[in-house]
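Structure first, commentary second.
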Amino acid sequence: MKRKRLRDLGMGIGSYSCGQANSITDIKGVKVGHQTLYYEKNGETVRTGVTAILPHEGNMFREKVFAASHVINGFGKTAGTIQIEELGVLESPIMLTNTLSVGDVMKGTVQYLMEECPEIGDTTGTVNVFVGECNDGYLNDIRGLNVSPDDAREAIEKAHSGYIEEGCVGAGTGMLCLGYKGGVGTSSREHQFNEDLFTVGALVVTNFGRRTDLRFPVEKEREERETPDGSIMIIIATDAPMNERQLKRLAKRASFGLSRTGSYAAHGSGDIVLAFSTAHKVPHQPSEDNTLTFSFIKEDGEMISMLFEMAVDCVEEAIWNALAKAETTSGRNGREVEAIPLEVLTALRK
């Protein structure tokens, strides 16, 4: 049976409308690319990859976007959050991969950005690259360090708008979720606020939980495999003009979408959120004026609460889409993790 997204199964989350692709790429300028590694090598099984999210179509270092991160549970090895928290801007592609490949992905991304910007590390400062990770070592030979800097560059160069691949692709190739095969999922919401149409989109790499965590009836007897607590990377994008503090508030709402699926952020689960807005570009080298002027949404009305709800809904649906699109996958040591039966997801109607 061909794997289908949640809405193809006749279900949706929440009351807001989706964007055209029901994807993080519904935010204008945002692109996503995957580099998938799925092969056998010297007796070892490689099931891993890289996913790149480009916040806009221009030069990301010279034109930064407002951003913020939020740690739901900090059992993780994510790179780049410290400077984002300090300065409130994102200046690189958002890179996602497996835990032990953060360094190689960072190197490839730095190389890509230095080619675009010869001034980096010379006539101006260095660059802060964001790399998020989950542990795919249950299915993947993670010790083989099979992700190379070139794979990071490939993911960036493959990035495109519109409909994107989900499931066992890119960083999601070797991931598990709620006792089934996990992977990459995405979703979006849009709403007309007087004259302004604002969109919120989410992309996730799901690698958390066990079958017993599911909040609806499902066959759970077979869930006996010993797996790590797992992780999830959650990326939220919006075209609403939000500053870094408002984006921090938006990022915190991802935890509600995550918890709706059954997660309780187990001890060893690295649950990390990054949120950014494409509404404004922050120049790396501003003019000689002492100030920059931006406008942001008000926080004394229902608009920001509605944006919070949109974020919660699209995070939850992105997780279900990752499960719905993932396929049964064999891995190292003869292991196999089955895809969630699509009929199981119909329990969401109840």
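Letters A, B, ... mark the chains of the structure tokens in the order given; residue numbers begin at 1 per chain; ligand numbers begin at 1, in order shown.
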
DSSP helix (DSSP H, G or I) selection over segment 42-285 of chain A, as a CSV table (one decimal) with N, CA and C atoms, in the first residue's frame:
chain,number,residue,atom,x,y,z
A,81,THR,N,23.1,27.0,18.9
A,81,THR,CA,22.0,27.6,19.6
A,81,THR,C,22.5,28.8,20.5
A,82,ILE,N,23.7,28.7,21.0
A,82,ILE,CA,24.2,29.7,22.0
A,82,ILE,C,24.2,31.1,21.4
A,83,GLN,N,24.7,31.2,20.1
A,83,GLN,CA,24.8,32.6,19.5
A,83,GLN,C,23.4,33.0,19.1
A,84,ILE,N,22.5,32.1,18.7
A,84,ILE,CA,21.1,32.4,18.3
A,84,ILE,C,20.4,33.0,19.5
A,85,GLU,N,20.6,32.4,20.7
A,85,GLU,CA,20.0,32.9,21.9
A,85,GLU,C,20.6,34.3,22.3
A,86,GLU,N,21.8,34.5,22.0
A,86,GLU,CA,22.5,35.8,22.4
A,86,GLU,C,22.1,36.9,21.5
A,87,LEU,N,22.1,36.6,20.2
A,87,LEU,CA,21.9,37.7,19.2
A,87,LEU,C,20.5,37.7,18.5
A,99,THR,N,23.5,12.1,15.4
A,99,THR,CA,24.2,12.6,16.5
A,99,THR,C,25.7,12.7,16.3
A,100,LEU,N,26.4,11.7,15.8
A,100,LEU,CA,27.8,11.7,15.6
A,100,LEU,C,28.3,12.4,14.4
A,101,SER,N,27.4,12.9,13.6
A,101,SER,CA,27.8,13.6,12.3
A,101,SER,C,27.6,15.1,12.4
A,102,VAL,N,27.3,15.6,13.6
A,102,VAL,CA,27.2,17.1,13.7
A,102,VAL,C,28.4,17.8,13.2
A,103,GLY,N,29.6,17.3,13.6
A,103,GLY,CA,30.9,18.0,13.2
A,103,GLY,C,31.1,18.0,11.7
A,104,ASP,N,30.8,16.9,11.0
A,104,ASP,CA,31.0,16.8,9.6
A,104,ASP,C,30.0,17.7,8.8
A,105,VAL,N,28.8,17.7,9.3
A,105,VAL,CA,27.8,18.5,8.7
A,105,VAL,C,28.1,20.0,8.9
A,106,MET,N,28.6,20.3,10.1
A,106,MET,CA,29.0,21.7,10.3
A,106,MET,C,30.1,22.1,9.3
A,107,LYS,N,31.1,21.2,9.2
A,107,LYS,CA,32.2,21.6,8.3
A,107,LYS,C,31.7,21.8,6.9
A,108,GLY,N,30.9,20.9,6.4
A,108,GLY,CA,30.4,21.1,5.0
A,108,GLY,C,29.6,22.4,4.8
A,109,THR,N,28.8,22.7,5.8
A,109,THR,CA,28.0,23.9,5.7
A,109,THR,C,28.9,25.2,5.8
A,110,VAL,N,29.9,25.1,6.7
A,110,VAL,CA,30.9,26.3,6.8
A,110,VAL,C,31.6,26.4,5.4
A,111,GLN,N,32.0,25.3,4.8
A,111,GLN,CA,32.7,25.4,3.5
A,111,GLN,C,31.7,26.0,2.5
A,112,TYR,N,30.5,25.6,2.5
A,112,TYR,CA,29.5,26.2,1.5
A,112,TYR,C,29.3,27.7,1.7
A,113,LEU,N,29.2,28.1,3.0
A,113,LEU,CA,29.0,29.5,3.3
A,113,LEU,C,30.3,30.4,3.0
A,114,MET,N,31.5,29.8,3.2
A,114,MET,CA,32.7,30.5,2.9
A,114,MET,C,32.9,30.7,1.4
A,115,GLU,N,32.4,29.8,0.6
A,115,GLU,CA,32.4,30.0,-0.8
A,115,GLU,C,31.5,31.1,-1.2
A,116,GLU,N,30.3,31.2,-0.6
A,116,GLU,CA,29.4,32.2,-0.9
A,116,GLU,C,29.8,33.6,-0.4
A,142,ILE,N,26.1,4.1,13.1
A,142,ILE,CA,26.4,5.5,13.5
A,142,ILE,C,27.9,5.7,13.8
A,143,ARG,N,28.6,4.6,14.2
A,143,ARG,CA,30.0,4.7,14.5
A,143,ARG,C,30.8,4.8,13.2
A,144,GLY,N,30.2,4.5,12.1
A,144,GLY,CA,30.9,4.5,10.8
A,144,GLY,C,31.2,5.9,10.3
A,149,PRO,N,31.2,16.0,4.9
A,149,PRO,CA,30.9,17.4,4.6
A,149,PRO,C,30.2,17.6,3.2
A,150,ASP,N,30.6,16.7,2.3
A,150,ASP,CA,30.0,16.9,0.9
A,150,ASP,C,28.5,16.5,1.0
A,151,ASP,N,28.1,15.6,1.8
A,151,ASP,CA,26.7,15.3,2.0
A,151,ASP,C,25.9,16.5,2.5
A,152,ALA,N,26.5,17.3,3.4
A,152,ALA,CA,25.8,18.5,3.8
A,152,ALA,C,25.6,19.4,2.7
A,153,ARG,N,26.7,19.6,1.9
A,153,ARG,CA,26.6,20.5,0.7
A,153,ARG,C,25.5,20.0,-0.3
A,154,GLU,N,25.5,18.7,-0.5
A,154,GLU,CA,24.5,18.2,-1.4
A,154,GLU,C,23.1,18.5,-0.9
A,155,ALA,N,22.8,18.3,0.4
A,155,ALA,CA,21.5,18.6,0.9
A,155,ALA,C,21.1,20.1,0.7
A,156,ILE,N,22.1,21.0,0.9
A,156,ILE,CA,21.8,22.4,0.7
A,156,ILE,C,21.5,22.7,-0.8
A,157,GLU,N,22.3,22.1,-1.7
A,157,GLU,CA,22.2,22.3,-3.1
A,157,GLU,C,20.9,21.7,-3.7
A,170,GLY,N,16.7,11.8,4.0
A,170,GLY,CA,17.5,12.8,4.7
A,170,GLY,C,17.9,12.4,6.1
A,171,ALA,N,17.7,13.3,7.0
A,171,ALA,CA,18.1,13.1,8.4
A,171,ALA,C,17.1,12.0,9.1
A,172,GLY,N,16.0,11.8,8.4
A,172,GLY,CA,15.0,10.8,9.0
A,172,GLY,C,15.2,9.4,8.5
A,211,ARG,N,5.8,2.4,21.6
A,211,ARG,CA,4.5,2.1,21.2
A,211,ARG,C,3.5,2.3,22.4
A,212,THR,N,4.0,2.0,23.5
A,212,THR,CA,3.1,2.1,24.7
A,212,THR,C,2.8,3.6,25.0
A,213,ASP,N,3.5,4.5,24.4
A,213,ASP,CA,3.2,5.9,24.7
A,213,ASP,C,2.0,6.5,23.8
A,244,GLU,N,12.7,38.2,18.1
A,244,GLU,CA,13.3,37.0,18.7
A,244,GLU,C,12.6,36.5,19.9
A,245,ARG,N,12.1,37.5,20.7
A,245,ARG,CA,11.4,37.2,22.0
A,245,ARG,C,10.1,36.5,21.6
A,246,GLN,N,9.3,37.1,20.7
A,246,GLN,CA,8.1,36.5,20.3
A,246,GLN,C,8.3,35.1,19.7
A,247,LEU,N,9.4,34.9,18.9
A,247,LEU,CA,9.7,33.6,18.3
A,247,LEU,C,10.0,32.6,19.4
A,248,LYS,N,10.6,33.0,20.5
A,248,LYS,CA,10.9,32.2,21.6
A,248,LYS,C,9.6,31.7,22.2
A,249,ARG,N,8.6,32.5,22.3
A,249,ARG,CA,7.3,32.1,22.8
A,249,ARG,C,6.6,31.1,21.8
A,250,LEU,N,6.8,31.4,20.5
A,250,LEU,CA,6.2,30.5,19.5
A,250,LEU,C,6.9,29.1,19.6
A,251,ALA,N,8.2,29.1,19.8
A,251,ALA,CA,9.0,27.8,19.9
A,251,ALA,C,8.5,27.0,21.1
A,252,LYS,N,8.2,27.7,22.2
A,252,LYS,CA,7.8,26.9,23.4
A,252,LYS,C,6.5,26.2,23.1
A,254,ALA,N,5.7,24.4,20.7
A,254,ALA,CA,5.9,23.1,20.0
A,254,ALA,C,5.8,22.0,21.0
A,255,SER,N,6.1,22.2,22.3
A,255,SER,CA,6.0,21.1,23.3
A,255,SER,C,4.5,20.6,23.4
A,256,PHE,N,3.5,21.5,23.1
A,256,PHE,CA,2.2,21.1,23.2
A,256,PHE,C,1.8,20.1,22.1
A,257,GLY,N,2.2,20.5,20.9
A,257,GLY,CA,2.0,19.6,19.7
A,257,GLY,C,2.7,18.3,19.9
A,258,LEU,N,3.9,18.3,20.5
A,258,LEU,CA,4.7,17.1,20.7
A,258,LEU,C,3.9,16.2,21.7
A,259,SER,N,3.5,16.8,22.8
A,259,SER,CA,2.9,16.0,23.9
A,259,SER,C,1.5,15.4,23.4
A,260,ARG,N,0.8,16.0,22.5
A,260,ARG,CA,-0.4,15.5,22.0
A,260,ARG,C,-0.2,14.1,21.3

Selection near segment 180-194 of chain A, 7 Å with only C-alpha atoms, sequence-local residues under 3 positions removed, as a ChimeraX atom specification: /A:16-19,22-24,26,166-169,172-173,175-177,197-207,310,314,317-319,321-323,326-328,337-340

Rank nothing, just name the residue among A:Asp141, A:Thr291, A:Cys117, A:Ile235 nearest to Gly43 of chain A, using only C-alpha atoms.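 The closest residue to Gly43 of chain A is A:Asp141.
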
Residues at most 6 Å from Val131 of chain A, counting only C-alpha atoms, excluding those fewer than 4 positions away in the same chain, as a PyMOL selection string? chain A and resi 78-79+95-96

Write the residues of the preceding selection, restricted to all heavy atoms, as a compact mmCIF listing (two decimals), in the first residue's frame.
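This is the output file selection12.txt:
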# COMPACT_ATOMS: atom_id res chain seq x y z
N THR A 78 23.10 19.42 19.83
CA THR A 78 22.85 20.46 18.85
C THR A 78 23.92 21.56 18.90
O THR A 78 24.37 21.93 19.98
CB THR A 78 21.47 21.08 19.10
OG1 THR A 78 20.48 20.07 18.98
CG2 THR A 78 21.16 22.20 18.13
N ALA A 79 24.30 22.07 17.74
CA ALA A 79 25.31 23.14 17.65
C ALA A 79 24.65 24.43 17.16
O ALA A 79 23.73 24.40 16.35
CB ALA A 79 26.43 22.73 16.70
N MET A 95 20.56 22.76 9.54
CA MET A 95 21.06 21.44 9.14
C MET A 95 20.67 20.39 10.18
O MET A 95 20.84 20.59 11.38
CB MET A 95 22.57 21.46 8.97
CG MET A 95 23.08 22.57 8.05
SD MET A 95 22.45 22.48 6.35
CE MET A 95 23.24 20.97 5.78
N LEU A 96 20.16 19.26 9.72
CA LEU A 96 19.72 18.17 10.59
C LEU A 96 20.39 16.87 10.15
O LEU A 96 20.46 16.58 8.94
CB LEU A 96 18.20 18.03 10.53
CG LEU A 96 17.40 19.32 10.81
CD1 LEU A 96 15.92 19.10 10.55
CD2 LEU A 96 17.63 19.81 12.23

Please provide the set of residues having any atom within 10 Å of Thr227 of chain A, restricted to only C-alpha atoms, with same-chain residues fewer than 4 positions apart removed, written as a ChimeraX atom specification. /A:137-138,176,179,208-210

Residues of segment 128-175 of chain A in strand (DSSP E), written as a ChimeraX atom specification: /A:130-134

A:Gly331, A:Pro55, A:Gly88, A:Pro341: which is nearest Asn140 of chain A, counting only C-alpha atoms? A:Gly331

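Remark: for Phe130 of chain A, the closest of the candidate residues A:Ser92, A:Thr293, A:Thr238, A:Gln20 is A:Ser92 (distances computed over only C-alpha atoms).
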
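Counting only C-alpha atoms, the residue from A:Val344, A:Leu37, A:Ile72, A:Val65 that sits nearest to Val147 of chain A is A:Leu37.
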
Tell me, in Å to one decimal, how far atom CA of Glu299 of chain A is from atom CA of Ala265 of chain A.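 According to the coordinates, atom CA of Glu299 of chain A and atom CA of Ala265 of chain A are separated by 29.0 Å.
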
Any idea what the distance is between atom CA of Leu307 of chain A and atom CA of Thr278 of chain A?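 According to the coordinates, atom CA of Leu307 of chain A and atom CA of Thr278 of chain A are separated by 14.7 Å.
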